[in-house]
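Engineer: Below is the file final-v3.cif, which contains mmCIF, C-alpha atoms and all ligand atoms.
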```cif
data_upload
loop_
_atom_site.label_atom_id
_atom_site.label_comp_id
_atom_site.auth_asym_id
_atom_site.auth_seq_id
_atom_site.Cartn_x
_atom_site.Cartn_y
_atom_site.Cartn_z
CA MET A 1 113.44 8.09 77.32
CA SER A 2 110.23 6.90 79.03
CA ARG A 3 106.84 8.30 80.01
CA THR A 4 104.65 8.53 83.09
CA LEU A 5 101.06 9.60 83.72
CA ILE A 6 100.56 12.27 86.36
CA LEU A 7 97.26 13.50 87.81
CA VAL A 8 97.03 16.63 89.94
CA LYS A 9 94.10 15.45 92.06
CA PRO A 10 91.04 17.58 92.92
CA ASP A 11 92.62 18.79 96.18
CA GLY A 12 95.70 20.03 94.32
CA VAL A 13 93.60 21.90 91.74
CA GLN A 14 91.27 23.39 94.40
CA ARG A 15 94.25 24.49 96.51
CA GLN A 16 95.71 26.17 93.39
CA LEU A 17 98.88 24.08 93.51
CA VAL A 18 98.90 23.05 89.81
CA GLY A 19 101.78 25.35 88.89
CA ASP A 20 103.81 24.36 91.95
CA VAL A 21 103.24 20.62 91.37
CA LEU A 22 103.98 20.65 87.64
CA GLY A 23 106.93 22.97 88.23
CA ARG A 24 108.55 20.45 90.55
CA PHE A 25 108.49 17.76 87.84
CA GLU A 26 109.80 20.24 85.28
CA ARG A 27 112.61 21.49 87.51
CA LYS A 28 113.63 17.89 88.22
CA GLY A 29 114.04 17.37 84.47
CA LEU A 30 110.82 15.80 83.18
CA LYS A 31 109.14 17.42 80.21
CA ILE A 32 105.39 17.92 79.69
CA ALA A 33 104.35 15.98 76.57
CA ALA A 34 100.57 16.42 77.02
CA LEU A 35 98.43 18.38 79.48
CA LYS A 36 94.71 18.97 80.15
CA LEU A 37 92.13 19.86 82.80
CA VAL A 38 89.48 17.14 82.91
CA GLN A 39 86.43 16.14 84.98
CA LEU A 40 86.83 12.40 85.61
CA GLN A 41 83.82 10.09 85.40
CA THR A 42 83.18 7.45 88.09
CA ALA A 43 83.82 4.50 85.74
CA VAL A 44 87.30 5.75 84.79
CA VAL A 45 88.30 6.23 88.43
CA GLU A 46 86.93 2.81 89.40
CA GLU A 47 89.05 1.28 86.63
CA HIS A 48 92.12 3.33 87.56
CA TYR A 49 91.93 2.24 91.21
CA ALA A 50 90.55 -1.29 90.59
CA HIS A 51 93.45 -2.79 92.60
CA LEU A 52 92.01 -1.03 95.68
CA ASN A 53 88.32 -1.92 95.22
CA ASP A 54 88.25 -4.15 98.31
CA LYS A 55 89.61 -1.41 100.60
CA PRO A 56 87.31 0.32 103.12
CA PHE A 57 88.27 3.74 101.68
CA PHE A 58 87.45 2.85 98.05
CA GLY A 59 84.06 4.66 97.97
CA GLU A 60 85.58 7.79 99.46
CA LEU A 61 88.49 7.61 97.02
CA VAL A 62 86.16 7.47 94.00
CA SER A 63 83.97 10.33 95.25
CA PHE A 64 87.06 12.41 96.04
CA MET A 65 88.55 11.87 92.58
CA THR A 66 85.27 12.84 90.87
CA GLN A 67 84.35 15.82 93.06
CA SER A 68 85.98 18.40 90.76
CA PRO A 69 88.43 18.44 87.82
CA VAL A 70 91.95 17.03 87.81
CA VAL A 71 94.93 18.04 85.69
CA ALA A 72 96.24 15.09 83.67
CA ALA A 73 99.74 15.16 82.20
CA ILE A 74 102.08 12.90 80.29
CA LEU A 75 105.64 13.56 81.43
CA GLU A 76 108.66 12.25 79.57
CA GLY A 77 112.33 11.85 80.37
CA ASP A 78 114.91 9.37 81.58
CA SER A 79 113.42 6.97 84.15
CA ALA A 80 110.21 9.02 84.09
CA VAL A 81 108.22 6.63 86.31
CA GLU A 82 110.89 6.34 88.99
CA VAL A 83 111.73 10.05 88.93
CA GLY A 84 108.03 10.89 89.05
CA ARG A 85 107.50 8.74 92.15
CA GLN A 86 110.57 10.30 93.78
CA VAL A 87 109.23 13.82 93.22
CA ILE A 88 105.80 12.76 94.57
CA GLY A 89 106.94 10.97 97.75
CA ALA A 90 105.37 8.14 99.74
CA THR A 91 101.61 7.43 99.59
CA ASN A 92 101.10 8.49 103.22
CA PRO A 93 102.15 12.18 103.44
CA LEU A 94 103.29 11.59 107.03
CA GLU A 95 105.89 9.15 105.69
CA ALA A 96 106.81 11.21 102.62
CA THR A 97 110.14 13.00 102.96
CA MET A 98 110.20 16.79 103.13
CA GLY A 99 111.13 18.07 99.68
CA SER A 100 108.66 15.72 98.00
CA ILE A 101 105.24 16.99 96.90
CA ARG A 102 103.34 14.96 99.49
CA GLY A 103 105.94 15.64 102.20
CA ASP A 104 105.76 19.38 101.64
CA LEU A 105 102.11 19.95 100.74
CA ALA A 106 99.84 17.20 102.14
CA ILE A 107 98.69 15.73 105.45
CA SER A 108 95.85 13.37 104.52
CA ALA A 109 96.47 9.81 103.23
CA GLY A 110 93.44 10.07 100.97
CA GLU A 111 93.86 13.62 99.70
CA ASN A 112 97.52 13.52 98.73
CA ILE A 113 97.57 15.96 95.80
CA VAL A 114 99.03 13.89 93.01
CA HIS A 115 99.05 10.51 91.26
CA GLY A 116 102.01 9.06 89.38
CA SER A 117 102.28 5.75 87.53
CA ASP A 118 104.13 3.00 89.42
CA SER A 119 105.65 1.02 86.50
CA ASP A 120 106.41 1.49 82.80
CA GLU A 121 103.68 -1.01 81.95
CA ASN A 122 101.07 0.81 84.05
CA ALA A 123 102.22 4.16 82.66
CA GLU A 124 101.32 3.09 79.13
CA ILE A 125 97.94 1.69 80.31
CA GLU A 126 97.19 4.92 82.21
CA ILE A 127 98.26 7.15 79.30
CA LYS A 128 95.74 5.28 77.10
CA ARG A 129 93.09 5.57 79.84
CA PHE A 130 93.43 9.33 80.36
CA PHE A 131 94.57 10.40 76.88
CA SER A 132 92.51 8.08 74.68
CA GLU A 133 92.20 10.93 72.13
CA LEU A 134 95.93 10.65 71.38
CA GLY A 135 95.35 7.17 69.94
P1 LIG A 201 99.95 5.83 95.32
O1 LIG A 201 98.98 6.94 95.04
O2 LIG A 201 101.13 6.30 96.13
O3 LIG A 201 100.35 5.07 94.09
P2 LIG A 201 98.20 3.59 96.00
O4 LIG A 201 98.19 3.25 94.54
O5 LIG A 201 98.52 2.51 96.97
O6 LIG A 201 99.22 4.79 96.30
O7 LIG A 201 96.80 4.20 96.41
C1 LIG A 201 96.10 5.03 95.54
C2 LIG A 201 95.41 6.12 96.32
O8 LIG A 201 94.46 5.56 97.23
C3 LIG A 201 96.34 6.94 97.22
O9 LIG A 201 97.05 7.93 96.51
C4 LIG A 201 95.37 7.53 98.19
C5 LIG A 201 94.37 6.39 98.40
N1 LIG A 201 94.78 5.61 99.59
C6 LIG A 201 95.75 4.66 99.64
N2 LIG A 201 95.88 4.17 100.87
C7 LIG A 201 94.97 4.84 101.63
C8 LIG A 201 94.60 4.80 103.01
N3 LIG A 201 95.18 3.97 103.87
N4 LIG A 201 93.60 5.63 103.41
C9 LIG A 201 92.98 6.47 102.55
N5 LIG A 201 93.28 6.56 101.25
C10 LIG A 201 94.26 5.76 100.79
MG MG A 202 99.30 3.79 92.89
#
```
When written as structure tokens, how does the structure in this file appear?
Ligand code: DAT
Ligand code: MG
Structural biologist:
Amino acid sequence: MSRTLILVKPDGVQRQLVGDVLGRFERKGLKIAALKLVQLQTAVVEEHYAHLNDKPFFGELVSFMTQSPVVAAILEGDSAVEVGRQVIGATNPLEATMGSIRGDLAISAGENIVHGSDSDENAEIEIKRFFSELG
């Protein structure tokens, strides 16, 4: 059993896709272990995307992620990180396969509906970052 951190990004919440997005993870077999709607602060997003802070789109990414609330979830199950990434699809929605969240629901590389952790190590770091109240 492992865990992953999922964010339904501001575009997903504004487009009222929260139920659809979370339902896809649930139907695949991952279980919601924690869930909340939260307005992210700039500092948290800058930390979360620190590996991209030299990219030309970084400023836009931070303002996008702080423009309105996200839904943060901890999902658990076998191979949660890998399964989560499979359900999400490739970063660029034009390369994401149909049947994945980004393949089915997104067009823009920046506004691609959902975040999922990319390794077990990062999942635990991100769970602490977004669910610090769980200790
Ligand atoms: P992922 O979200 O698939 O883990 P990532 O960690 O490389 O991808 O990038 C984080 C986010 O940054 C991504 O979901 C959207 C944004 N992003 C990445 N590449 C981009 C690009 N070429 N143009 C605009 N936004 C981009
Ligand atoms: Mg990433």
Engineer: Any chance you could tabulate, as JSON lines, the residues of chain A at most 7 Å from ligand MG 202 (chain A) with each one's nearest atom pair and distance in Å to one decimal, using all atoms listed in the file, in chain and rising number order?
Structural biologist:
```
{"residue": "A:His115", "atom": "CA", "partner": "A:MG202", "partner_atom": "MG", "distance": 6.9}
{"residue": "A:Gly116", "atom": "CA", "partner": "A:MG202", "partner_atom": "MG", "distance": 6.9}
{"residue": "A:Ser117", "atom": "CA", "partner": "A:MG202", "partner_atom": "MG", "distance": 6.4}
{"residue": "A:Asp118", "atom": "CA", "partner": "A:MG202", "partner_atom": "MG", "distance": 6.0}
```
Engineer: For chain A against ligand LIG 201 (chain A), with a cut-off of 6 Å and counting all atoms listed in the file, what is the closest atom pair and its distance in Å to one decimal for every residue that makes the cut, ordered by chain and number, as JSON lines?
Structural biologist:
```
{"residue": "A:Phe57", "atom": "CA", "partner": "A:LIG201", "partner_atom": "C9", "distance": 5.5}
{"residue": "A:Ala90", "atom": "CA", "partner": "A:LIG201", "partner_atom": "O2", "distance": 5.9}
{"residue": "A:Thr91", "atom": "CA", "partner": "A:LIG201", "partner_atom": "O2", "distance": 3.7}
{"residue": "A:Ala109", "atom": "CA", "partner": "A:LIG201", "partner_atom": "C9", "distance": 4.9}
{"residue": "A:Gly110", "atom": "CA", "partner": "A:LIG201", "partner_atom": "N5", "distance": 3.5}
{"residue": "A:His115", "atom": "CA", "partner": "A:LIG201", "partner_atom": "O1", "distance": 5.2}
```
Engineer: Dump as a tab-separated table the rows for residues of segment 57-124 of chain A within 12 Å of segment 34-37 of chain A: closest atom pair and distance in Å with one decimal, all atoms listed in the file counted, ordered by chain and rising residue number.
Structural biologist:
```
residue	atom	partner	partner_atom	distance
A:Ser68	CA	A:Leu37	CA	10.2
A:Pro69	CA	A:Leu37	CA	6.4
A:Val70	CA	A:Leu37	CA	5.8
A:Val71	CA	A:Leu37	CA	4.4
A:Ala72	CA	A:Lys36	CA	5.5
A:Ala73	CA	A:Leu35	CA	4.4
A:Ile74	CA	A:Ala34	CA	5.0
A:Leu75	CA	A:Ala34	CA	7.3
A:Glu76	CA	A:Ala34	CA	9.5
```
Engineer: Of the candidates A:Ile125, A:Ile88, A:Val114, A:Pro56, which one gets nearest to Val18 of chain A if we count only C-alpha atoms?
Structural biologist: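 Among A:Ile125, A:Ile88, A:Val114, A:Pro56, it is A:Val114 that comes nearest to Val18 of chain A.
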Engineer: Using all atoms listed in the file, list the residues that have an atom at most 8 Å from (109.6, 6.1, 85.8), coordinates as in the file, as a PyMOL selection string.
Structural biologist: chain A and resi 2-4+78-85+117-120
Engineer: Have a look at atom CA of Ala50 of chain A and atom CA of Leu17 of chain A and let me know their distance in Å, one decimal.
Structural biologist: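 Result for atom CA of Ala50 of chain A versus atom CA of Leu17 of chain A: 26.9 Å, one decimal.
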Engineer: Of the residues A:Pro93, A:Gln67, A:Gly99, A:Val87, which is the one nearest to Pro10 of chain A, using all atoms listed in the file?
Structural biologist: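 With all atoms listed in the file as the atom set, the closest residue is A:Gln67.
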Engineer: Using only C-alpha atoms, pick whichever of A:Asp11, A:Glu26, A:Phe131, A:Glu60 has the shortest atom-to-atom distance to Gly77 of chain A.
Structural biologist: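 Using only C-alpha atoms, Gly77 of chain A sits closest to A:Glu26.
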Engineer: Grab the atom CA of Gln14 of chain A to atom CA of Gln41 of chain A distance for me, in Å with one decimal place.
Structural biologist: 17.7 Å
Engineer: Atom CA of Val44 of chain A and atom CA of Lys128 of chain A, how far apart in Å?
Structural biologist: 11.4 Å
Engineer: Pick out the closest residue to Met65 of chain A from this set: A:Gly135, A:Gly89, A:Gly12, A:Gly103. Count all atoms listed in the file.
Structural biologist: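 Checking each candidate against Met65 of chain A, we get A:Gly12 as the closest.
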Engineer: Around all the atoms of segment 8-25 of chain A listed in the file, draw an axis-aligned box and extend it by 3 Å on each of the six sides; I want its centre and edge lengths in Å to one decimal, as JSON.
Structural biologist:
```
{"center_x": 99.8, "center_y": 20.8, "center_z": 92.1, "size_x": 23.5, "size_y": 16.7, "size_z": 14.9}
```
Engineer: Between A:Arg15, A:Arg24, A:Lys9, A:Ile127, which has the minimum distance to Val62 of chain A (counting all atoms listed in the file)?
Structural biologist: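 That would be A:Lys9, the residue with the smallest distance to Val62 of chain A.
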Engineer: I'd like the contact shell of Glu46 of chain A - 12 Å cut-off, all atoms listed in the file, skipping same-chain residues fewer than 3 positions apart - returned as a PyMOL selection string.
Structural biologist: chain A and resi 40-43+49-54+58-66+129
